[in-house]
>>> print(open('final33.tsv').read())   # TSV, C-alpha atoms
chain	number	residue	atom	x	y	z
C	1	MET	CA	-38.20	-16.89	-7.69
C	2	ALA	CA	-39.45	-14.13	-5.44
C	3	GLU	CA	-36.46	-14.69	-3.19
C	4	GLN	CA	-34.12	-14.53	-6.15
C	5	ILE	CA	-35.51	-11.19	-7.18
C	6	ALA	CA	-35.24	-9.86	-3.65
C	7	LEU	CA	-31.59	-10.91	-3.46
C	8	ASN	CA	-30.67	-9.27	-6.72
C	9	TRP	CA	-32.47	-6.06	-6.02
C	10	THR	CA	-30.15	-3.24	-5.03
C	11	ASP	CA	-31.62	-0.46	-2.96
C	12	PRO	CA	-30.61	2.78	-4.71
C	13	ASN	CA	-30.85	4.66	-1.42
C	14	SER	CA	-28.68	2.38	0.67
C	15	VAL	CA	-25.22	0.82	0.75
C	16	ARG	CA	-24.56	-2.30	2.82
C	17	LYS	CA	-21.22	-3.70	3.86
C	18	THR	CA	-20.28	-6.64	6.06
C	19	ILE	CA	-16.85	-7.35	7.46
C	20	LYS	CA	-15.54	-10.01	9.83
C	21	VAL	CA	-13.20	-8.80	12.50
C	22	GLY	CA	-10.88	-10.97	14.56
C	23	ALA	CA	-11.75	-9.28	17.83
C	24	PRO	CA	-14.38	-9.86	20.54
C	25	GLN	CA	-17.61	-7.88	20.24
C	26	GLU	CA	-16.90	-5.54	23.19
C	27	LEU	CA	-13.46	-4.72	21.87
C	28	ALA	CA	-14.69	-4.21	18.31
C	29	TRP	CA	-17.32	-1.82	19.65
C	30	HIS	CA	-14.73	0.00	21.74
C	31	VAL	CA	-12.25	0.43	18.88
C	32	PHE	CA	-14.98	1.56	16.50
C	33	THR	CA	-16.61	4.08	18.78
C	34	GLN	CA	-13.87	5.28	21.09
C	35	GLN	CA	-10.72	4.89	19.04
C	36	ILE	CA	-12.09	6.02	15.70
C	37	GLY	CA	-9.27	8.55	15.41
C	38	THR	CA	-6.73	5.71	15.34
C	39	TRP	CA	-8.12	4.03	12.23
C	40	TRP	CA	-10.32	6.42	10.26
C	41	PRO	CA	-8.36	7.41	7.10
C	42	LEU	CA	-8.06	11.02	8.28
C	43	ALA	CA	-5.45	11.92	5.70
C	44	VAL	CA	-8.07	11.65	2.97
C	45	TYR	CA	-11.51	11.46	4.56
C	46	LYS	CA	-11.86	14.74	6.41
C	47	ILE	CA	-13.58	18.00	5.60
C	48	GLY	CA	-11.83	20.76	7.57
C	49	LYS	CA	-9.08	23.03	6.26
C	50	ALA	CA	-6.70	21.96	9.02
C	51	ASN	CA	-4.89	18.62	9.00
C	52	ALA	CA	-7.17	16.27	10.90
C	53	VAL	CA	-5.43	14.59	13.82
C	54	ASP	CA	-8.35	12.91	15.56
C	55	ALA	CA	-11.96	11.87	15.15
C	56	VAL	CA	-14.44	11.59	18.00
C	57	ILE	CA	-17.83	10.00	18.55
C	58	GLU	CA	-19.44	11.35	21.72
C	59	THR	CA	-20.75	8.44	23.75
C	60	LYS	CA	-24.42	9.34	24.05
C	61	VAL	CA	-27.54	9.85	21.97
C	62	GLY	CA	-27.50	13.39	20.61
C	63	GLY	CA	-23.70	13.52	20.89
C	64	ARG	CA	-21.52	14.94	18.16
C	65	TRP	CA	-19.41	13.04	15.68
C	66	TYR	CA	-16.54	15.18	14.46
C	67	GLU	CA	-12.94	15.59	13.37
C	68	ARG	CA	-10.35	17.63	15.22
C	69	GLY	CA	-7.66	19.56	13.34
C	70	ASP	CA	-4.06	20.15	14.33
C	71	ASP	CA	-5.00	23.79	15.02
C	72	GLY	CA	-7.60	22.71	17.62
C	73	SER	CA	-10.56	23.39	15.33
C	74	THR	CA	-13.36	20.84	15.05
C	75	CYS	CA	-15.65	20.02	12.13
C	76	ASP	CA	-18.89	18.17	12.71
C	77	TRP	CA	-19.73	15.13	10.61
C	78	GLY	CA	-23.07	14.31	12.21
C	79	ARG	CA	-24.84	13.19	15.38
C	80	VAL	CA	-25.26	10.05	17.43
C	81	LEU	CA	-28.82	8.82	16.86
C	82	VAL	CA	-28.69	5.42	18.59
C	83	TRP	CA	-26.16	4.33	21.22
C	84	GLU	CA	-26.57	0.70	22.29
C	85	PRO	CA	-23.20	-0.69	23.38
C	86	PRO	CA	-21.82	-3.10	22.42
C	87	SER	CA	-24.12	-4.03	19.57
C	88	ARG	CA	-25.73	-1.15	17.71
C	89	LEU	CA	-24.78	2.36	16.71
C	90	VAL	CA	-26.61	4.77	14.43
C	91	LEU	CA	-24.97	7.98	13.33
C	92	SER	CA	-26.21	10.70	11.05
C	93	TRP	CA	-23.86	11.52	8.19
C	94	ASP	CA	-24.33	15.19	7.47
C	95	ILE	CA	-21.55	15.74	4.97
C	96	ASN	CA	-22.92	16.70	1.58
C	97	ALA	CA	-21.68	15.78	-1.89
C	98	ASP	CA	-19.30	18.77	-1.83
C	99	PHE	CA	-17.67	17.61	1.44
C	100	GLN	CA	-19.33	20.36	3.44
C	101	TYR	CA	-21.09	19.92	6.77
C	102	SER	CA	-24.80	20.22	6.16
C	103	PRO	CA	-26.75	19.64	9.40
C	104	ASP	CA	-30.04	19.02	7.62
C	105	LEU	CA	-28.69	16.32	5.32
C	106	ASN	CA	-29.48	13.44	7.68
C	107	THR	CA	-28.26	10.39	5.84
C	108	GLU	CA	-27.89	7.55	8.35
C	109	ILE	CA	-25.19	5.03	9.13
C	110	GLU	CA	-26.23	2.02	11.16
C	111	VAL	CA	-23.48	-0.24	12.46
C	112	ARG	CA	-24.24	-3.58	14.09
C	113	PHE	CA	-21.71	-5.65	16.00
C	114	ILE	CA	-22.65	-9.33	16.06
C	115	ALA	CA	-20.59	-11.82	18.04
C	116	GLU	CA	-19.88	-14.84	15.82
C	117	SER	CA	-17.70	-16.39	18.50
C	118	GLU	CA	-15.67	-15.22	21.49
C	119	ARG	CA	-13.01	-13.95	19.16
C	120	VAL	CA	-14.82	-12.99	15.96
C	121	THR	CA	-17.30	-10.19	15.41
C	122	ARG	CA	-19.31	-9.61	12.30
C	123	VAL	CA	-19.78	-5.92	11.63
C	124	GLU	CA	-22.66	-4.94	9.39
C	125	LEU	CA	-22.82	-1.39	8.13
C	126	GLU	CA	-25.66	0.24	6.28
C	127	HIS	CA	-25.45	3.75	4.93
C	128	ARG	CA	-29.01	4.71	4.07
C	129	ARG	CA	-31.35	7.55	3.15
C	130	LEU	CA	-29.01	8.40	0.30
C	131	ASP	CA	-32.04	9.97	-1.44
C	132	ARG	CA	-31.15	12.94	0.77
C	133	PHE	CA	-28.32	13.70	-1.67
C	134	GLY	CA	-31.01	14.61	-4.23
C	135	ASP	CA	-29.84	14.54	-7.83
C	136	ARG	CA	-26.34	13.54	-6.71
C	137	ARG	CA	-27.57	10.35	-5.06
C	138	ASP	CA	-26.23	7.97	-7.69
C	139	GLN	CA	-22.85	9.66	-7.73
C	140	MET	CA	-22.57	9.44	-3.94
C	141	ARG	CA	-23.86	5.91	-3.83
C	142	GLU	CA	-21.06	4.89	-6.15
C	143	VAL	CA	-18.51	6.70	-3.98
C	144	PHE	CA	-19.70	4.88	-0.87
C	145	ASP	CA	-20.26	1.49	-2.39
C	146	LYS	CA	-17.73	0.99	-5.11
C	147	SER	CA	-15.23	-1.77	-4.65
C	148	GLY	CA	-11.82	-1.41	-6.22
C	149	ASP	CA	-12.38	-1.78	-9.92
C	150	TRP	CA	-8.92	-2.39	-11.24
C	151	GLY	CA	-10.19	-3.58	-14.59
C	152	GLN	CA	-11.69	-0.18	-15.23
C	153	LEU	CA	-8.54	1.52	-14.05
C	154	LEU	CA	-6.40	-0.44	-16.47
C	155	LEU	CA	-8.80	0.32	-19.31
C	156	SER	CA	-8.56	3.98	-18.45
C	157	PHE	CA	-4.78	3.88	-18.49
C	158	ALA	CA	-4.81	1.93	-21.71
C	159	SER	CA	-7.02	4.48	-23.43
C	160	ALA	CA	-4.83	7.31	-22.18
C	161	ALA	CA	-1.73	5.52	-23.39
C	162	GLU	CA	-3.30	4.99	-26.80
C	163	LYS	CA	-4.15	8.66	-27.02
C	164	ASN	CA	-0.57	9.55	-26.18
C	165	ALA	CA	0.77	7.11	-28.73
C	166	ALA	CA	-1.49	8.49	-31.47
N	1	MET	CA	-17.33	10.31	-11.91
N	2	ALA	CA	-16.45	12.08	-15.14
N	3	SER	CA	-13.86	14.13	-13.30
N	4	VAL	CA	-12.18	10.96	-12.06
N	5	GLU	CA	-11.86	9.68	-15.59
N	6	ARG	CA	-10.27	12.99	-16.57
N	7	ALA	CA	-7.85	12.55	-13.69
N	8	PHE	CA	-6.80	9.09	-14.88
N	9	ASP	CA	-6.45	10.35	-18.44
N	10	ALA	CA	-4.28	13.20	-17.20
N	11	LEU	CA	-2.06	10.83	-15.22
N	12	GLY	CA	-1.74	8.47	-18.17
N	13	ASP	CA	1.01	10.67	-19.60
N	14	PRO	CA	4.39	9.77	-18.04
N	15	THR	CA	5.78	13.32	-18.05
N	16	ARG	CA	2.62	14.65	-16.49
N	17	ARG	CA	2.82	11.93	-13.87
N	18	ARG	CA	6.34	13.12	-13.04
N	19	VAL	CA	5.12	16.72	-12.79
N	20	PHE	CA	2.33	15.62	-10.45
N	21	THR	CA	4.65	13.46	-8.34
N	22	ARG	CA	7.15	16.31	-7.98
N	23	LEU	CA	4.37	18.60	-6.79
N	24	ARG	CA	3.53	16.36	-3.85
N	25	ASN	CA	4.27	18.11	-0.55
N	26	ARG	CA	5.26	21.30	-2.39
N	27	VAL	CA	3.73	24.62	-3.32
N	28	CYS	CA	5.72	26.16	-6.14
N	29	THR	CA	5.76	27.82	-9.55
N	30	ALA	CA	5.97	26.03	-12.88
N	31	GLY	CA	9.56	27.29	-13.24
N	32	GLU	CA	10.63	25.87	-9.88
N	33	LEU	CA	8.99	22.59	-10.75
N	34	ALA	CA	10.75	22.43	-14.12
N	35	GLU	CA	14.21	22.79	-12.55
N	36	GLY	CA	16.18	19.59	-12.99
N	37	MET	CA	13.37	17.88	-14.89
N	38	GLY	CA	14.82	18.21	-18.35
N	39	VAL	CA	11.51	19.67	-19.52
N	40	THR	CA	10.92	23.29	-20.47
N	41	ARG	CA	9.02	25.58	-18.19
N	42	SER	CA	6.31	26.13	-20.78
N	43	ALA	CA	5.81	22.37	-21.22
N	44	VAL	CA	5.50	22.01	-17.45
N	45	SER	CA	2.95	24.85	-17.48
N	46	GLN	CA	0.90	23.03	-20.07
N	47	HIS	CA	0.99	19.81	-18.06
N	48	LEU	CA	-0.05	21.72	-14.95
N	49	GLN	CA	-2.95	23.25	-16.86
N	50	ILE	CA	-4.22	19.79	-17.86
N	51	LEU	CA	-3.79	18.53	-14.28
N	52	ARG	CA	-5.71	21.56	-13.11
N	53	LEU	CA	-8.59	20.88	-15.50
N	54	ALA	CA	-8.62	17.29	-14.23
N	55	GLY	CA	-9.08	18.59	-10.68
N	56	LEU	CA	-5.72	17.26	-9.45
N	57	VAL	CA	-3.89	20.57	-9.10
N	58	SER	CA	-4.98	24.02	-8.02
N	59	VAL	CA	-3.31	27.36	-8.56
N	60	THR	CA	-3.21	30.55	-6.55
N	61	ALA	CA	-1.73	33.93	-7.42
N	62	ASP	CA	1.02	35.36	-5.24
N	63	GLY	CA	1.69	38.76	-6.79
N	64	THR	CA	2.87	37.91	-10.29
N	65	ARG	CA	3.76	34.33	-9.36
N	66	ARG	CA	1.36	31.49	-9.97
N	67	LEU	CA	1.72	28.90	-7.23
N	68	TYR	CA	0.65	25.33	-7.88
N	69	ARG	CA	-0.29	22.70	-5.36
N	70	VAL	CA	-1.96	19.30	-5.29
N	71	GLU	CA	-5.74	19.58	-5.00
N	72	ARG	CA	-6.70	17.32	-2.14
N	73	ARG	CA	-10.32	16.87	-3.25
N	74	GLY	CA	-9.25	15.55	-6.63
N	75	VAL	CA	-6.97	13.05	-4.94
N	76	ILE	CA	-9.75	12.02	-2.55
N	77	ALA	CA	-12.10	11.47	-5.48
N	78	VAL	CA	-9.55	9.24	-7.22
N	79	ARG	CA	-8.91	7.28	-4.07
N	80	GLN	CA	-12.59	6.79	-3.41
N	81	TRP	CA	-13.08	5.68	-6.97
N	82	LEU	CA	-10.36	3.09	-6.53
N	83	ASP	CA	-11.14	1.76	-3.11
N	84	GLY	CA	-14.75	2.56	-2.35
N	85	PHE	CA	-15.28	4.67	0.73
N	86	TRP	CA	-16.81	2.12	3.06
N	87	ASP	CA	-14.65	-0.78	1.90
N	88	GLU	CA	-11.51	1.16	2.66
N	89	THR	CA	-12.77	2.63	5.91
N	90	LEU	CA	-14.12	-0.65	7.29
N	91	ASP	CA	-10.92	-2.43	6.37
N	92	ALA	CA	-8.93	0.16	8.31
N	93	PHE	CA	-11.25	-0.44	11.26
N	94	ARG	CA	-10.80	-4.22	11.01
N	95	MET	CA	-7.02	-3.87	11.16
N	96	ALA	CA	-7.21	-1.56	14.19
N	97	ALA	CA	-9.60	-3.88	16.06
N	98	GLU	CA	-7.42	-6.90	15.32
N	99	ARG	CA	-4.31	-5.05	16.48
N	100	ALA	CA	-6.15	-4.20	19.71
N	101	ALA	CA	-7.26	-7.83	20.13
N	102	LYS	CA	-3.71	-9.06	19.62
N	103	LYS	CA	-2.34	-6.57	22.12
N	104	LYS	CA	-4.92	-7.66	24.67
N	105	GLY	CA	-4.10	-11.31	24.07
N	106	GLU	CA	-0.41	-10.68	24.68
N	107	LYS	CA	-1.02	-9.13	28.10
>>> encode(input="final33.tsv", output="structure tokens")
Amino acid sequence: MAEQIALNWTDPNSVRKTIKVGAPQELAWHVFTQQIGTWWPLAVYKIGKANAVDAVIETKVGGRWYERGDDGSTCDWGRVLVWEPPSRLVLSWDINADFQYSPDLNTEIEVRFIAESERVTRVELEHRRLDRFGDRRDQMREVFDKSGDWGQLLLSFASAAEKNAA
Amino acid sequence: MASVERAFDALGDPTRRRVFTRLRNRVCTAGELAEGMGVTRSAVSQHLQILRLAGLVSVTADGTRRLYRVERRGVIAVRQWLDGFWDETLDAFRMAAERAAKKKGEK
């Protein structure tokens, strides 16, 4: 029973995600850390005024993690806290609930790359210390964690449609 | 999340959805937006006002003209609500890593 309870318990200050990737561990690490600008959804997840054209993780502890705009400007997202290629990366996420850089925020993202075989890597991500968002913790936790909830979306449309019909 | 629900409510109206869709990639006045829509300028203004209250549209003054544009943060909030930030981001990473693996395999 104790195990059951532990499994069902959701940490309010942490979001965990696991994904399997059809790529070797070294390559998964490389794409994640050194080609982040090629896959991060920069069109929507960026904080600067300029259009973001690249994202960069500097390859050392204490390095910056930032976006680069089409006007050459950069906006910091956080810092590299742990750099252990090709298996473990910890970044600070210093973007507050209003999408502003806030260097003292210090939420943490830990990413682990675990080789399941020569061709498959399991990537485990934990975004933790969400208590740092203060009274907006629950709101931000939902933003980070939520899986597509199409049922809710349809309900929302249905209620809007009913209102329009009335 | 209340603002996201307002956004979905706002987009539940078909005319308002058209107004919002037409505003994509444009910065313009209500009058310019109404052209060719078959909807009066004042109706378009009212729709824009509701979209603005829902956080999907913002307005700036240019002299006497009121210029409307899509509010990126509102769109981000809706997208995050739909997809979940880390689910979407990790999935994008997975696709990039698998593309890279495929490319390497072909060499």
>>> closest_residue(input="final33.tsv", among="N:Lys103, N:Met95, N:Arg24, N:Gly74", to="Val21 of chain C", atoms="only C-alpha atoms")
N:Met95
>>> closest_residue(input="final33.tsv", among="N:Trp86, N:Arg17, N:Gln80, N:Ala30", to="Val59 of chain N", atoms="all atoms listed in the file")
N:Ala30
>>> residues_around(input="final33.tsv", residues="segment 86-100 of chain C", least_positions_apart="4", cutoff="8 Å", atoms="only C-alpha atoms", output="mmCIF file with C-alpha atoms, in the coordinates of the input")
data_model
loop_
_atom_site.group_PDB
_atom_site.id
_atom_site.type_symbol
_atom_site.label_atom_id
_atom_site.label_comp_id
_atom_site.auth_asym_id
_atom_site.auth_seq_id
_atom_site.Cartn_x
_atom_site.Cartn_y
_atom_site.Cartn_z
ATOM 1 C CA GLN C 25 -17.610 -7.880 20.240
ATOM 2 C CA GLU C 26 -16.900 -5.540 23.190
ATOM 3 C CA TRP C 29 -17.320 -1.820 19.650
ATOM 4 C CA HIS C 30 -14.730 0.000 21.740
ATOM 5 C CA ILE C 47 -13.580 18.000 5.600
ATOM 6 C CA TRP C 65 -19.410 13.040 15.680
ATOM 7 C CA TRP C 77 -19.730 15.130 10.610
ATOM 8 C CA GLY C 78 -23.070 14.310 12.210
ATOM 9 C CA ARG C 79 -24.840 13.190 15.380
ATOM 10 C CA VAL C 80 -25.260 10.050 17.430
ATOM 11 C CA LEU C 81 -28.820 8.820 16.860
ATOM 12 C CA VAL C 82 -28.690 5.420 18.590
ATOM 13 C CA ASP C 104 -30.040 19.020 7.620
ATOM 14 C CA LEU C 105 -28.690 16.320 5.320
ATOM 15 C CA ASN C 106 -29.480 13.440 7.680
ATOM 16 C CA THR C 107 -28.260 10.390 5.840
ATOM 17 C CA GLU C 108 -27.890 7.550 8.350
ATOM 18 C CA ILE C 109 -25.190 5.030 9.130
ATOM 19 C CA GLU C 110 -26.230 2.020 11.160
ATOM 20 C CA VAL C 111 -23.480 -0.240 12.460
ATOM 21 C CA ARG C 112 -24.240 -3.580 14.090
ATOM 22 C CA PHE C 113 -21.710 -5.650 16.000
ATOM 23 C CA ILE C 114 -22.650 -9.330 16.060
ATOM 24 C CA PHE C 133 -28.320 13.700 -1.670
ATOM 25 C CA ARG C 136 -26.340 13.540 -6.710
ATOM 26 C CA MET C 140 -22.570 9.440 -3.940
#
>>> closest_residue(input="final33.tsv", among="C:Val123, C:Val31, C:Ile57, C:Ala43", to="chain N", atoms="only C-alpha atoms")
C:Val31
>>> atom_distance(input="final33.tsv", atom1="atom CA of Arg16 of chain N", atom2="atom CA of Ala61 of chain N")
21.7 Å
>>> interface_residues(input="final33.tsv", of="chain N", to="chain C", cutoff="10 Å", atoms="only C-alpha atoms", output="PyMOL selection string")
chain N and resi 1+5-14+72-73+75-102+104
>>> residues_around(input="final33.tsv", residues="Phe20 of chain N", least_positions_apart="6", cutoff="9 Å", atoms="only C-alpha atoms", output="list of chain:residue names")
N:Leu11, N:His47, N:Leu48, N:Leu51, N:Leu56, N:Val57, N:Val70
>>> atom_distance(input="final33.tsv", atom1="atom CA of Ala55 of chain C", atom2="atom CA of Gly69 of chain C")
9.0 Å
>>> atom_distance(input="final33.tsv", atom1="atom CA of Ala43 of chain N", atom2="atom CA of Thr29 of chain N")
12.9 Å
